[in-house]
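Chemist: Dropping in upload_19.tsv, which is TSV, C-alpha atoms:
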```tsv
chain	number	residue	atom	x	y	z
M	1	MET	CA	0.00	0.00	0.00
M	2	LEU	CA	2.71	2.46	0.97
M	3	GLY	CA	4.98	1.51	-1.92
M	4	LEU	CA	2.26	1.89	-4.55
M	5	CYS	CA	0.96	5.17	-3.13
M	6	THR	CA	4.51	6.56	-2.94
M	7	ALA	CA	5.21	5.54	-6.55
M	8	LEU	CA	2.00	7.23	-7.71
M	9	GLU	CA	2.74	10.39	-5.72
M	10	LEU	CA	6.24	10.60	-7.23
M	11	ALA	CA	4.89	10.01	-10.73
M	12	ARG	CA	2.48	12.93	-10.21
M	13	ARG	CA	5.57	15.01	-9.50
M	14	ASP	CA	7.09	13.90	-12.82
M	15	LYS	CA	9.63	11.54	-11.22
M	16	ARG	CA	10.61	8.23	-12.80
M	17	VAL	CA	10.12	5.35	-10.37
M	18	THR	CA	11.39	1.77	-10.28
M	19	LEU	CA	8.96	-0.29	-8.19
M	20	ILE	CA	10.35	-3.63	-6.97
M	21	GLU	CA	7.99	-6.31	-5.63
M	22	GLY	CA	9.03	-9.66	-4.20
M	23	ALA	CA	5.73	-11.46	-4.84
M	24	SER	CA	4.45	-12.56	-8.24
M	25	ASP	CA	2.14	-9.55	-8.31
M	26	ILE	CA	1.69	-6.29	-6.43
M	27	MET	CA	-0.67	-5.89	-3.45
M	28	GLN	CA	-0.91	-9.58	-2.57
M	29	GLY	CA	-0.07	-9.45	1.16
M	30	ALA	CA	-1.40	-7.56	4.17
M	31	SER	CA	-2.20	-4.49	2.06
M	32	ARG	CA	-4.78	-6.54	0.17
M	33	TRP	CA	-5.98	-8.81	2.95
M	34	ASN	CA	-6.89	-6.74	6.03
M	35	GLU	CA	-9.92	-5.17	7.63
M	36	GLY	CA	-9.36	-1.75	6.05
M	37	LYS	CA	-10.04	0.16	9.26
M	38	ILE	CA	-9.41	3.84	8.62
M	39	HIS	CA	-8.23	4.56	12.12
M	40	LEU	CA	-9.16	7.65	14.08
M	41	GLY	CA	-7.89	6.25	17.38
M	42	PHE	CA	-10.86	4.51	19.02
M	43	LEU	CA	-9.15	1.11	19.06
M	44	TYR	CA	-6.37	2.28	21.38
M	45	ALA	CA	-8.26	2.75	24.63
M	46	ALA	CA	-5.35	1.16	26.51
M	47	ASP	CA	-3.22	4.20	25.64
M	48	PRO	CA	-4.43	6.78	28.17
M	49	SER	CA	-1.87	9.31	26.92
M	50	PHE	CA	-3.89	9.68	23.67
M	51	ASN	CA	-0.56	9.78	21.83
M	52	THR	CA	-1.65	7.05	19.42
M	53	ALA	CA	-4.93	8.75	18.57
M	54	THR	CA	-3.25	12.12	18.15
M	55	ARG	CA	-0.68	10.69	15.73
M	56	ILE	CA	-3.03	8.63	13.56
M	57	ILE	CA	-5.98	11.02	13.24
M	58	PRO	CA	-4.37	13.18	10.50
M	59	GLY	CA	-3.66	10.15	8.32
M	60	GLY	CA	-7.13	8.73	8.84
M	61	LEU	CA	-8.80	12.01	7.91
M	62	ALA	CA	-6.67	12.38	4.78
M	63	PHE	CA	-7.09	8.77	3.58
M	64	ALA	CA	-10.17	9.12	1.38
M	65	GLU	CA	-9.14	12.26	-0.52
M	66	LEU	CA	-5.61	11.02	-1.19
M	67	LEU	CA	-6.68	7.55	-2.27
M	68	GLU	CA	-9.51	8.84	-4.45
M	69	ARG	CA	-6.93	10.95	-6.25
M	70	HIS	CA	-4.98	7.78	-7.09
M	71	VAL	CA	-7.90	5.55	-8.14
M	72	CYS	CA	-9.98	8.34	-9.72
M	73	GLN	CA	-13.26	7.32	-8.13
M	74	SER	CA	-15.20	7.62	-4.90
M	75	LEU	CA	-14.57	5.16	-2.07
M	76	GLU	CA	-18.22	5.30	-0.99
M	77	PRO	CA	-19.20	1.98	-2.68
M	78	TYR	CA	-16.55	0.18	-0.58
M	79	THR	CA	-17.13	1.54	2.93
M	80	THR	CA	-18.82	0.25	6.07
M	81	GLU	CA	-21.28	2.03	8.31
M	82	ASP	CA	-20.07	3.48	11.62
M	83	ASP	CA	-18.39	0.89	13.81
M	84	VAL	CA	-19.82	-0.47	17.04
M	85	PHE	CA	-17.25	-1.14	19.77
M	86	LEU	CA	-18.33	-3.85	22.19
M	87	VAL	CA	-16.51	-3.92	25.52
M	88	HIS	CA	-15.74	-7.51	26.49
M	89	CYS	CA	-15.86	-8.61	30.13
M	90	GLY	CA	-12.19	-9.60	29.71
M	91	SER	CA	-11.22	-6.22	28.30
M	92	VAL	CA	-8.06	-4.58	29.60
M	93	VAL	CA	-10.12	-1.36	29.78
M	94	SER	CA	-13.41	-1.08	31.68
M	95	ALA	CA	-16.61	0.07	30.00
M	96	ASP	CA	-16.57	3.40	31.84
M	97	SER	CA	-12.92	3.95	30.98
M	98	PHE	CA	-13.64	3.18	27.35
M	99	ALA	CA	-16.53	5.64	27.38
M	100	SER	CA	-14.30	8.41	28.71
M	101	TYR	CA	-11.51	7.55	26.30
M	102	ALA	CA	-13.79	7.40	23.24
M	103	ALA	CA	-15.45	10.70	24.12
M	104	ARG	CA	-12.05	12.41	24.25
M	105	VAL	CA	-10.99	10.83	20.93
M	106	ALA	CA	-14.22	12.01	19.32
M	107	GLU	CA	-13.41	15.51	20.57
M	108	LEU	CA	-9.93	15.31	19.03
M	109	VAL	CA	-11.46	14.14	15.75
M	110	ARG	CA	-13.99	16.98	15.70
M	111	GLN	CA	-11.25	19.52	16.32
M	112	ALA	CA	-9.01	18.15	13.57
M	113	ALA	CA	-11.84	17.76	11.06
M	114	SER	CA	-13.16	21.29	11.68
M	115	ARG	CA	-9.92	23.09	10.89
M	116	ASP	CA	-9.74	25.20	7.74
M	117	ASN	CA	-8.98	23.05	4.67
M	118	ALA	CA	-9.14	19.86	6.73
M	119	PRO	CA	-9.46	16.76	4.54
M	120	ARG	CA	-12.75	14.87	4.34
M	121	TYR	CA	-13.03	11.52	6.14
M	122	LEU	CA	-15.13	8.63	4.78
M	123	THR	CA	-18.08	10.35	6.42
M	124	ASP	CA	-18.60	13.80	7.94
M	125	VAL	CA	-17.01	13.67	11.40
M	126	ARG	CA	-16.99	17.39	12.17
M	127	ASN	CA	-19.81	16.77	14.63
M	128	GLY	CA	-18.97	13.14	15.36
M	129	ARG	CA	-20.09	11.81	18.72
M	130	VAL	CA	-19.90	8.53	20.61
M	131	HIS	CA	-23.27	6.95	21.44
M	132	ARG	CA	-23.58	4.37	24.20
M	133	LEU	CA	-26.03	1.65	23.24
M	134	ALA	CA	-29.10	1.14	25.40
M	135	PRO	CA	-29.58	-2.44	26.64
M	136	SER	CA	-32.20	-3.12	23.94
M	137	GLN	CA	-29.85	-1.79	21.24
M	138	LEU	CA	-26.97	-3.86	22.58
M	139	ALA	CA	-29.15	-6.98	22.46
M	140	GLU	CA	-29.78	-6.34	18.75
M	141	VAL	CA	-26.02	-6.41	18.07
M	142	THR	CA	-24.84	-9.31	20.22
M	143	ALA	CA	-26.34	-12.24	22.06
M	144	SER	CA	-23.41	-12.70	24.45
M	145	SER	CA	-23.45	-11.84	28.14
M	146	ASP	CA	-19.65	-11.47	27.87
M	147	VAL	CA	-20.25	-8.06	26.32
M	148	VAL	CA	-20.82	-5.51	29.06
M	149	ALA	CA	-21.35	-2.35	26.98
M	150	GLY	CA	-21.54	-1.12	23.40
M	151	PHE	CA	-20.63	2.18	21.75
M	152	ARG	CA	-21.28	3.45	18.24
M	153	VAL	CA	-18.33	5.57	17.12
M	154	PRO	CA	-17.70	7.75	14.03
M	155	GLU	CA	-15.06	5.46	12.51
M	156	ARG	CA	-15.32	3.34	9.35
M	157	SER	CA	-13.47	0.82	7.21
M	158	ILE	CA	-13.07	0.12	3.50
M	159	SER	CA	-13.12	-3.09	1.49
M	160	THR	CA	-9.42	-3.67	0.82
M	161	VAL	CA	-9.66	-6.24	-2.00
M	162	PRO	CA	-11.28	-3.97	-4.65
M	163	ILE	CA	-9.15	-1.05	-3.46
M	164	ALA	CA	-6.03	-3.16	-4.07
M	165	ASP	CA	-7.26	-3.93	-7.59
M	166	LEU	CA	-7.87	-0.24	-8.32
M	167	LEU	CA	-4.42	0.73	-7.08
M	168	CYS	CA	-2.80	-1.99	-9.17
M	169	GLN	CA	-4.59	-0.69	-12.24
M	170	ALA	CA	-3.41	2.86	-11.51
M	171	VAL	CA	0.21	1.75	-11.15
M	172	ARG	CA	0.19	-0.35	-14.31
M	173	ALA	CA	-1.32	2.54	-16.28
M	174	GLU	CA	1.34	5.04	-15.14
M	175	PRO	CA	4.16	5.29	-17.74
M	176	ARG	CA	6.59	6.83	-15.25
M	177	ILE	CA	6.53	3.68	-13.09
M	178	GLU	CA	8.71	0.73	-14.12
M	179	LEU	CA	7.39	-2.36	-12.33
M	180	HIS	CA	9.41	-5.47	-11.48
M	181	VAL	CA	7.53	-8.33	-9.76
M	182	GLY	CA	8.89	-11.64	-8.50
M	183	THR	CA	12.01	-9.76	-7.46
M	184	SER	CA	13.10	-9.87	-3.82
M	185	VAL	CA	15.36	-7.15	-2.44
M	186	GLU	CA	18.38	-8.43	-0.47
M	187	GLY	CA	20.08	-5.16	0.42
M	188	VAL	CA	21.03	-1.63	-0.53
M	189	TRP	CA	24.64	-0.56	-1.07
M	190	ARG	CA	25.90	3.02	-1.17
M	191	ARG	CA	28.53	3.97	-3.74
M	192	ASP	CA	31.43	6.32	-3.13
M	193	ASP	CA	29.59	8.99	-5.12
M	194	GLY	CA	26.56	8.66	-2.79
M	195	ARG	CA	24.23	6.95	-5.24
M	196	MET	CA	22.77	3.57	-4.32
M	197	ASP	CA	22.49	0.10	-5.83
M	198	VAL	CA	19.72	-2.34	-4.90
M	199	ALA	CA	20.71	-6.02	-4.81
M	200	THR	CA	17.91	-8.47	-5.61
M	201	ARG	CA	17.26	-12.14	-6.30
M	202	ASN	CA	14.74	-14.19	-8.27
M	203	GLY	CA	14.09	-11.51	-10.88
M	204	ALA	CA	15.52	-10.67	-14.28
M	205	HIS	CA	18.11	-8.35	-12.68
M	206	ASP	CA	20.57	-9.21	-9.91
M	207	THR	CA	21.15	-5.53	-9.18
M	208	PHE	CA	19.40	-2.26	-9.94
M	209	VAL	CA	22.03	0.47	-10.05
M	210	GLY	CA	22.56	4.16	-9.68
M	211	PHE	CA	19.60	5.46	-7.67
M	212	ASP	CA	19.55	8.96	-6.21
M	213	VAL	CA	16.80	7.93	-3.77
M	214	VAL	CA	15.71	4.56	-2.40
M	215	VAL	CA	12.46	4.23	-0.42
M	216	ASN	CA	12.06	1.12	1.75
M	217	ALA	CA	8.29	0.69	1.99
M	218	LEU	CA	8.24	-2.97	3.03
M	219	TRP	CA	5.94	-4.39	5.67
M	220	GLU	CA	7.69	-7.75	5.58
M	221	GLY	CA	11.41	-7.66	6.35
M	222	ARG	CA	11.94	-3.90	6.24
M	223	PRO	CA	14.47	-3.91	9.15
M	224	ALA	CA	16.68	-6.42	7.32
M	225	ILE	CA	17.07	-4.08	4.34
M	226	ASP	CA	17.75	-1.17	6.68
M	227	ALA	CA	20.44	-3.28	8.36
M	228	SER	CA	22.29	-3.67	5.04
M	229	LEU	CA	23.07	0.05	5.39
M	230	GLY	CA	23.82	-0.22	9.10
M	231	ILE	CA	20.43	1.16	10.21
M	232	MET	CA	18.69	-0.67	13.05
M	233	PRO	CA	15.11	-0.11	14.18
M	234	PRO	CA	14.17	1.03	17.66
M	235	ALA	CA	13.54	-1.96	19.89
M	236	PRO	CA	11.52	-3.89	20.80
M	237	TRP	CA	9.65	-4.72	17.61
M	238	SER	CA	7.56	-7.59	16.31
M	239	HIS	CA	6.65	-9.23	13.02
M	240	ARG	CA	3.21	-10.85	13.17
M	241	PHE	CA	1.62	-12.93	10.43
M	242	ARG	CA	-2.13	-12.57	10.76
M	243	VAL	CA	-4.92	-14.11	8.71
M	244	ALA	CA	-8.68	-13.70	8.72
M	245	VAL	CA	-11.76	-14.92	6.91
M	246	PHE	CA	-12.87	-13.00	3.82
M	247	ALA	CA	-16.37	-13.63	2.51
M	248	ARG	CA	-18.82	-12.39	-0.07
M	249	ALA	CA	-22.40	-12.41	1.21
M	250	PRO	CA	-24.43	-9.45	-0.15
M	251	ARG	CA	-27.59	-10.50	1.71
M	252	SER	CA	-25.93	-10.87	5.10
M	253	ARG	CA	-27.47	-8.80	7.89
M	254	LEU	CA	-24.30	-8.84	9.98
M	255	ARG	CA	-23.10	-5.40	11.00
M	256	SER	CA	-19.62	-4.07	11.62
M	257	ALA	CA	-18.56	-4.55	15.24
M	258	VAL	CA	-15.33	-4.71	17.24
M	259	LEU	CA	-14.88	-6.69	20.45
M	260	CYS	CA	-12.50	-4.66	22.60
M	261	THR	CA	-10.08	-4.06	24.18
M	262	GLY	CA	-7.74	-7.04	23.86
M	263	PRO	CA	-7.12	-10.22	21.81
M	264	PHE	CA	-10.68	-10.71	20.62
M	265	GLY	CA	-12.24	-10.31	17.18
M	266	ASP	CA	-14.25	-8.19	14.81
M	267	ILE	CA	-16.55	-8.19	11.82
M	268	LYS	CA	-16.70	-5.77	8.92
M	269	ARG	CA	-19.58	-5.60	6.45
M	270	TYR	CA	-18.78	-3.44	3.43
M	271	ALA	CA	-21.18	-1.79	1.01
M	272	ASP	CA	-19.88	-3.98	-1.84
M	273	GLY	CA	-21.23	-7.16	-0.20
M	274	ARG	CA	-17.92	-8.37	1.17
M	275	LEU	CA	-17.28	-9.37	4.78
M	276	TYR	CA	-14.20	-9.56	6.97
M	277	LEU	CA	-14.23	-11.81	10.05
M	278	SER	CA	-11.35	-12.07	12.48
M	279	TRP	CA	-10.65	-13.86	15.74
M	280	TYR	CA	-7.23	-12.83	17.03
M	281	GLN	CA	-6.18	-16.09	18.66
M	282	ALA	CA	-7.13	-18.12	15.58
M	283	GLY	CA	-5.61	-15.70	13.08
M	284	LEU	CA	-2.21	-15.04	14.64
M	285	ILE	CA	-0.20	-17.90	13.16
M	286	ALA	CA	3.38	-16.61	13.38
M	287	GLU	CA	5.28	-14.04	15.43
M	288	GLY	CA	8.95	-13.10	15.66
M	289	HIS	CA	11.22	-10.42	17.03
M	290	ALA	CA	14.36	-10.88	14.92
M	291	VAL	CA	15.43	-8.63	12.04
M	292	GLU	CA	13.91	-11.13	9.60
M	293	PRO	CA	10.36	-12.42	10.15
M	294	PRO	CA	9.94	-16.19	10.72
M	295	ARG	CA	8.62	-16.89	7.23
M	296	ASP	CA	8.81	-20.67	7.59
M	297	GLN	CA	6.15	-20.50	10.31
M	298	ALA	CA	3.71	-18.55	8.18
M	299	LEU	CA	2.69	-21.14	5.62
M	300	VAL	CA	-1.09	-21.15	5.14
M	301	THR	CA	-1.71	-24.74	4.11
M	302	ALA	CA	-5.19	-25.95	3.20
M	303	GLU	CA	-5.40	-27.72	6.56
M	304	ARG	CA	-4.37	-24.62	8.49
M	305	ALA	CA	-6.74	-22.38	6.52
M	306	ALA	CA	-9.63	-24.74	7.30
M	307	MET	CA	-8.73	-24.67	10.99
M	308	VAL	CA	-8.55	-20.87	11.07
M	309	LYS	CA	-11.88	-20.60	9.29
M	310	ASP	CA	-13.63	-23.04	11.60
M	311	GLN	CA	-12.19	-21.50	14.78
M	312	THR	CA	-12.92	-17.94	13.66
M	313	LEU	CA	-16.52	-18.59	12.67
M	314	ALA	CA	-17.20	-20.66	15.79
M	315	ALA	CA	-15.78	-18.02	18.12
M	316	LEU	CA	-17.63	-15.14	16.47
M	317	ALA	CA	-20.91	-17.07	16.31
M	318	THR	CA	-21.06	-17.09	20.10
M	319	TYR	CA	-21.33	-13.30	19.94
M	320	PHE	CA	-23.10	-12.87	16.60
M	321	PRO	CA	-25.34	-15.89	15.87
M	322	ARG	CA	-25.87	-14.93	12.21
M	323	VAL	CA	-22.21	-15.82	11.58
M	324	ALA	CA	-23.29	-19.46	11.67
M	325	ASP	CA	-25.37	-18.87	8.52
M	326	LEU	CA	-22.39	-17.85	6.40
M	327	ALA	CA	-21.30	-21.38	5.56
M	328	GLY	CA	-24.43	-21.75	3.43
M	329	ALA	CA	-25.02	-18.13	2.43
M	330	ALA	CA	-21.59	-16.90	1.35
M	331	SER	CA	-20.44	-17.30	-2.25
M	332	GLU	CA	-16.85	-16.91	-1.08
M	333	LEU	CA	-15.38	-17.90	2.27
M	334	GLU	CA	-11.58	-17.81	2.20
M	335	VAL	CA	-8.64	-17.33	4.57
M	336	HIS	CA	-5.99	-14.77	3.67
M	337	GLY	CA	-3.57	-12.43	5.42
M	338	GLY	CA	-0.04	-11.09	5.60
M	339	TRP	CA	2.80	-9.77	7.72
M	340	VAL	CA	2.39	-6.79	10.02
M	341	TYR	CA	5.38	-4.98	11.53
M	342	ALA	CA	5.04	-2.99	14.73
M	343	ILE	CA	7.21	-1.24	17.26
M	344	GLY	CA	6.13	-3.09	20.37
M	345	GLN	CA	5.81	-6.56	21.84
M	346	GLY	CA	3.67	-8.50	24.26
M	347	SER	CA	0.12	-9.78	24.48
M	348	LEU	CA	-2.93	-7.68	23.70
M	349	GLY	CA	-4.43	-9.28	26.80
M	350	ASP	CA	-1.88	-7.38	28.90
M	351	ARG	CA	-2.67	-3.72	29.36
M	352	ALA	CA	1.04	-3.03	29.84
M	353	SER	CA	1.90	-4.43	26.39
M	354	SER	CA	3.53	-1.83	24.15
M	355	LEU	CA	1.37	-3.08	21.26
M	356	HIS	CA	-1.45	-0.97	22.74
M	357	GLN	CA	0.57	2.12	21.81
M	358	ARG	CA	1.17	2.62	18.09
M	359	ASP	CA	2.56	6.15	18.01
M	360	LYS	CA	6.24	5.23	17.56
M	361	PHE	CA	6.24	4.88	13.76
M	362	VAL	CA	8.88	6.99	12.02
M	363	VAL	CA	10.21	8.02	8.62
M	364	SER	CA	14.00	7.80	8.75
M	365	VAL	CA	16.17	9.56	6.18
M	366	ASP	CA	19.86	8.89	5.56
M	367	ARG	CA	21.35	10.67	2.52
M	368	GLY	CA	18.68	9.66	0.05
M	369	TYR	CA	17.73	6.40	1.72
M	370	ILE	CA	14.23	6.67	3.20
M	371	SER	CA	12.75	3.92	5.36
M	372	VAL	CA	9.10	4.21	6.34
M	373	ASP	CA	7.26	2.37	9.11
M	374	THR	CA	3.72	2.41	7.71
M	375	ALA	CA	2.32	1.38	11.11
M	376	LYS	CA	-1.26	1.23	9.82
M	377	TYR	CA	-2.90	0.62	6.45
M	378	SER	CA	-4.87	3.82	6.97
M	379	LEU	CA	-1.69	5.89	7.18
M	380	ALA	CA	-0.17	4.74	3.88
M	381	PRO	CA	-1.51	7.44	1.49
M	382	TRP	CA	-0.73	10.21	3.99
M	383	LEU	CA	2.81	8.98	4.61
M	384	ALA	CA	3.34	8.46	0.87
M	385	GLU	CA	2.47	12.09	0.18
M	386	ARG	CA	5.02	13.19	2.78
M	387	VAL	CA	7.73	10.90	1.44
M	388	ALA	CA	7.14	12.18	-2.09
M	389	GLY	CA	7.42	15.72	-0.76
M	390	LEU	CA	10.79	14.87	0.82
M	391	VAL	CA	12.05	13.42	-2.47
M	392	SER	CA	10.84	16.24	-4.69
M	393	GLY	CA	11.42	19.08	-2.25
M	394	SER	CA	7.76	20.10	-2.35
```
Rewrite the structure of this file - the entire thing - as structure tokens.
Modeler:
Amino acid sequence: MLGLCTALELARRDKRVTLIEGASDIMQGASRWNEGKIHLGFLYAADPSFNTATRIIPGGLAFAELLERHVCQSLEPYTTEDDVFLVHCGSVVSADSFASYAARVAELVRQAASRDNAPRYLTDVRNGRVHRLAPSQLAEVTASSDVVAGFRVPERSISTVPIADLLCQAVRAEPRIELHVGTSVEGVWRRDDGRMDVATRNGAHDTFVGFDVVVNALWEGRPAIDASLGIMPPAPWSHRFRVAVFARAPRSRLRSAVLCTGPFGDIKRYADGRLYLSWYQAGLIAEGHAVEPPRDQALVTAERAAMVKDQTLAALATYFPRVADLAGAASELEVHGGWVYAIGQGSLGDRASSLHQRDKFVVSVDRGYISVDTAKYSLAPWLAERVAGLVSGS
């Protein structure tokens, strides 16, 4: 997501771009297969400093306008309705604490969205408020007594699969972008004259030579490429390979909901008839803290995919009984995912885990070498615009 958006931003500035992709096609990993939450900060109730919300709100607000510029169409056909956050009895944050936190985040969102020339979110959030569900309303959303409170918040998601297809089309149609797929980057080497060469494997070229600027936009293995230039990330960090269930069920009456705050699950229902269903414990199939992610642990075999699907649907059905109908109603019901990199480690079931705080992402610059921690899907277009500005001086 970040790499494609950066390439398109640079092409708009009349720069020639070489885009190198390790997979057989672009946008086949986590950027294609995720929930598409366009974060405004409500998920991070275990960060009482509000640093995470403050850092990610600008990118979330800017997402729609920047992405629509790339794909040349509205995102409205691919969005969800407002999310409902359901506080689990095992949450690391109490219902009252979540209510106070969410109200403050909504205030921060209103302030940011009401500034002059502020970008437009997926929906108008200038007067966005958090609404606590009455008991009767909560009963319409979930059948589980494990849910102690519910809140409707002004935050939405987009359907990532069609968005990935639209971005791929935009990149392939741009004559200033030279695309190389099936080409894995092994390292970057700086010449005596300051220009850089990019060493690769598997592709038609062993080395791409003579770059003035190299942007490392990887989600999988980014620290290893940084290390080839002697750059190490702040510690601790984690690589997590997460998968979820992706379905197509246009007649489903499921609604978007998040079980919070901790290692639970969520559902997204998009306007295009697609669904996303995730249960954290079933979907986290590999995790590592070395410079390279543990790729050998992240093989999604048919047997493992079936297990993830069964466990995810069974767990969610205890909260949302209509999930049980998907096996017969969905025309597609598949397991997909990808690697996610984060500054932080620990369990989401531990309030002290640094994974509850996602404000440490940085853009590092070293004499033309730019490494970007995307942090969140929703931040990619916003960060790409800033990286392109660094490169072009605009």
Chemist: Using all atoms listed in the file for the distances, tell me which of M:Phe50, M:Tyr78, M:Tyr341, M:Tyr319 is nearest to M:Leu355.
Modeler: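 Looking at the shortest contact to M:Leu355, the residue is M:Tyr341.
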Chemist: Need to verify the contact set: M:Pro294, 10 Å, only C-alpha atoms, exclusion of same-chain residues closer than 3 positions in sequence. Can you return it as a list of chain:residue names?
Modeler: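 Here the answer would be M:Gly221, M:His239, M:Arg240, M:Phe241, M:Ala286, M:Glu287, M:Gly288, M:His289, M:Ala290, M:Val291, M:Gln297, M:Ala298.
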Chemist: For each of M:Ser256, M:Ser371, M:Gln73, M:Ser378, take the minimum atom-to-atom distance to M:Leu61, counting only C-alpha atoms, then give the residue where this is smallest.
Modeler: M:Ser378
Chemist: Between atom CA of M:Ala62 and atom CA of M:Pro119, what is the distance in Å, rounded to a tenth?
Modeler: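 Taking atom CA of M:Ala62 and atom CA of M:Pro119, their separation equals 5.2 Å.
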Chemist: Kindly indicate which residue among M:Arg351, M:Arg16, M:Arg274, M:Arg386 lies nearest to M:Ile158, using only C-alpha atoms for the distances.
Modeler: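 Using only C-alpha atoms, the shortest distance to M:Ile158 belongs to M:Arg274.
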Chemist: In terms of the shortest atom-to-atom distance over only C-alpha atoms, which of M:Arg156, M:Arg191, M:Arg248, M:Arg242 is closest to M:Ala330?
Modeler: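 The shortest atom-to-atom distance to M:Ala330 comes from M:Arg248.
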Chemist: Give me, as a list in words, all polymer residues having an atom no more than 10 Å from M:Ser159, counting all atoms listed in the file and skipping those fewer than 6 positions away in the same chain.
Modeler: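 Counting all atoms listed in the file, the residues come to Arg32, Trp33, Asn34, Glu35, Gly36, Lys37, Leu75, Pro77, Tyr78, Thr79, Thr80, Lys268, Arg269, Tyr270, Ala271, Asp272, Gly273, Arg274, Leu275 and Tyr276 of chain M.
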Chemist: Residues within 8 Å of M:Ile177, please, as JSON, numbers by chain. Count all atoms listed in the file; anything in the same chain fewer than 3 positions from it doesn't count.
Modeler: {"M": [7, 8, 11, 16, 17, 18, 19, 171, 172, 174]}
Chemist: Skip M:Ala143 itself and residues of its chain fewer than 2 positions away, then list as a short mmCIF file (atom, residue, chain, number, x, y, z; two decimals) with C-alpha atoms, keeping the file's coordinate frame all residues within 7 Å of it, counting all atoms listed in the file.
Modeler:
```
data_model
loop_
_atom_site.label_atom_id
_atom_site.label_comp_id
_atom_site.auth_asym_id
_atom_site.auth_seq_id
_atom_site.Cartn_x
_atom_site.Cartn_y
_atom_site.Cartn_z
CA ALA M 139 -29.15 -6.98 22.46
CA SER M 145 -23.45 -11.84 28.14
CA TYR M 319 -21.33 -13.30 19.94
CA PHE M 320 -23.10 -12.87 16.60
#
```
Chemist: In terms of the shortest atom-to-atom distance over all atoms listed in the file, which of M:Gly194, M:Gly60, M:Pro293, M:Gly187 is closest to M:Ala227?
Modeler: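 Checking each of M:Gly194, M:Gly60, M:Pro293, M:Gly187 against M:Ala227, counting all atoms listed in the file, the winner is M:Gly187.
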Chemist: Here's a test: counting all atoms listed in the file, identify every protein, DNA and RNA residue with an atom at most 9 Å from (-5.5, 1.7, 22.8) in the file's coordinate frame, and state them as a ChimeraX atom specification.
Modeler: /M:41-48,50,52-53,93,261,351,355-358
Chemist: Would you work out the distance separating atom CA of M:Leu67 from atom CA of M:Trp339, expressed in Å to one decimal?
Modeler: 22.1 Å
Chemist: Which residue, M:Ala173, M:Val243, M:Ile225, M:Ala102, has the smallest gap to M:Thr200 when you use only C-alpha atoms?
Modeler: M:Ile225
Chemist: Might you pull out every residue within 12 Å of M:Gln137, with only C-alpha atoms counted and same-chain residues fewer than 6 positions away left off, and present them as a VMD selection string?
Modeler: chain M and resid 84 86 131 143 149 to 152
Chemist: Quick one: residues within 12 Å of (14.1, -12.4, -9.5) (file frame), counting all atoms listed in the file, please, as an mmCIF file with C-alpha atoms, in the coordinates of the input.
Modeler:
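Resulting contents of selection-v6.cif:
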```
data_model
loop_
_atom_site.group_PDB
_atom_site.id
_atom_site.type_symbol
_atom_site.label_atom_id
_atom_site.label_comp_id
_atom_site.auth_asym_id
_atom_site.auth_seq_id
_atom_site.Cartn_x
_atom_site.Cartn_y
_atom_site.Cartn_z
ATOM 1 C CA ILE M 20 10.350 -3.630 -6.970
ATOM 2 C CA GLU M 21 7.990 -6.310 -5.630
ATOM 3 C CA GLY M 22 9.030 -9.660 -4.200
ATOM 4 C CA ALA M 23 5.730 -11.460 -4.840
ATOM 5 C CA SER M 24 4.450 -12.560 -8.240
ATOM 6 C CA HIS M 180 9.410 -5.470 -11.480
ATOM 7 C CA VAL M 181 7.530 -8.330 -9.760
ATOM 8 C CA GLY M 182 8.890 -11.640 -8.500
ATOM 9 C CA THR M 183 12.010 -9.760 -7.460
ATOM 10 C CA SER M 184 13.100 -9.870 -3.820
ATOM 11 C CA VAL M 185 15.360 -7.150 -2.440
ATOM 12 C CA GLU M 186 18.380 -8.430 -0.470
ATOM 13 C CA ALA M 199 20.710 -6.020 -4.810
ATOM 14 C CA THR M 200 17.910 -8.470 -5.610
ATOM 15 C CA ARG M 201 17.260 -12.140 -6.300
ATOM 16 C CA ASN M 202 14.740 -14.190 -8.270
ATOM 17 C CA GLY M 203 14.090 -11.510 -10.880
ATOM 18 C CA ALA M 204 15.520 -10.670 -14.280
ATOM 19 C CA HIS M 205 18.110 -8.350 -12.680
ATOM 20 C CA ASP M 206 20.570 -9.210 -9.910
ATOM 21 C CA THR M 207 21.150 -5.530 -9.180
ATOM 22 C CA PHE M 208 19.400 -2.260 -9.940
#
```
Chemist: Kindly give the distance, in Å, that separates atom CA of M:Trp237 and atom CA of M:Ser49, rounded to a single decimal.
Modeler: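 We find that atom CA of M:Trp237 and atom CA of M:Ser49 lie 20.4 Å from each other.
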Chemist: Taking the structure I provided as the source, export stretch 178-189 of chain M with C-alpha atoms, as a CSV table (one decimal), in the first residue's frame.
Modeler:
```csv
chain,number,residue,atom,x,y,z
M,178,GLU,CA,8.7,0.7,-14.1
M,179,LEU,CA,7.4,-2.4,-12.3
M,180,HIS,CA,9.4,-5.5,-11.5
M,181,VAL,CA,7.5,-8.3,-9.8
M,182,GLY,CA,8.9,-11.6,-8.5
M,183,THR,CA,12.0,-9.8,-7.5
M,184,SER,CA,13.1,-9.9,-3.8
M,185,VAL,CA,15.4,-7.2,-2.4
M,186,GLU,CA,18.4,-8.4,-0.5
M,187,GLY,CA,20.1,-5.2,0.4
M,188,VAL,CA,21.0,-1.6,-0.5
M,189,TRP,CA,24.6,-0.6,-1.1
```
